[in-house]
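> Got a structure for you, written out below as C-alpha cells; questions coming shortly.
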Amino acid sequence: VQLQASGGGLVQTGDSLRLSCATSLRIDTAYTLAWFRQAPGKERERVARITSNDITSYSDSVKGRFTISRDNAKNTLYLQMNSLNVEDTGVYYCAAKKSQALTYAYWGQGTLVTVSS
C-alpha cells in the first residue's frame, strides 16, 4: 500500500495551498482518509478526516479554512488550505484506515508546509 503526499511549499500568510495524496488503495471502498500535521516541537494532530460516506470533520484550528475531499476515480485525497497562517506550518501527512479500524494503518511520507509572516 502506498500513499504519496505532495503539494507542500513555502507560502506567505493569507495564501492558499492544495495538498494531494495519491494512493494505491481503492478509496471508493470502506476507508476513512485523513490529513495529519506535525508542527515543529509539537505532537502530530489530525486536522481533517473524510469517511467512506463523505462525512467530513475538522480540527477547530482549521475549521472554515481547510477543506478535505477525495476523487475516487483517481484514488486521490486532497486538502485545500486557505487563509494560511504561521501556525499552519508543519509536515502534513495523509493517512488511511479501514472504516471500522481504531488506528490509521497506512501513512504517506509527509509534505512540508511553511507559512511565513
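Each chain of the C-alpha cells is named A, B, ... in the order shown, its residues numbered from 1; ligands are numbered from 1 in display order.
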Tell me, as a list in words, which residues lie within 9 Å of Ala39 (chain A), counting only C-alpha atoms; anything in the same chain fewer than 6 positions away does not count.
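Here the answer would be Glu45, Glu87, Asp88, Thr89, Gly90, Val91 and Tyr92 of chain A.
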> From a backbone DSSP assignment, name each residue in region 3-98 of chain A labelled helix (DSSP H, G or I), as a list in words.
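The residues of region 3-98 of chain A classed as helix (DSSP H, G or I) are Asn72, Ala73, Lys74, Val86, Glu87 and Asp88 of chain A.
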> Taking only C-alpha atoms into account, name the residue in A:Cys94, A:Met81, A:Ser6, A:Ser20 that is nearest to Ala34 (chain A).
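Smallest separation from Ala34 (chain A) among the options: A:Cys94.
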> Find the spatial neighbours of Ser24 (chain A), counting only C-alpha atoms, within a cut-off of 10 Å - ignore same-chain residues fewer than 6 positions away - and output them as a PyMOL selection string.
chain A and resi 1-4+74-76
> Skipping near chain neighbours, those fewer than 3 positions away, what residues fall within 10 Å of Gly14 (chain A) using only C-alpha atoms, listed as a PyMOL selection string?
chain A and resi 11+81-86+115-117
> Write the residues of the preceding selection, restricted to C-alpha atoms, as a PDB file, in the first residue's frame.

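What follows is the written file again_23.pdb:
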ATOM      1  CA  VAL A  11       3.907  30.481   1.234  1.00  0.00           C
ATOM      2  CA  MET A  81      -5.905  25.116   2.657  1.00  0.00           C
ATOM      3  CA  ASN A  82      -6.956  28.749   2.575  1.00  0.00           C
ATOM      4  CA  SER A  83      -6.059  31.755   4.708  1.00  0.00           C
ATOM      5  CA  LEU A  84      -2.888  30.091   5.873  1.00  0.00           C
ATOM      6  CA  ASN A  85      -1.138  31.445   8.939  1.00  0.00           C
ATOM      7  CA  VAL A  86       2.204  30.728  10.583  1.00  0.00           C
ATOM      8  CA  VAL A 115       3.965  29.726   6.172  1.00  0.00           C
ATOM      9  CA  SER A 116       5.954  32.905   6.612  1.00  0.00           C
ATOM     10  CA  SER A 117       4.631  36.150   8.082  1.00  0.00           C
TER      11      SER A 117
END
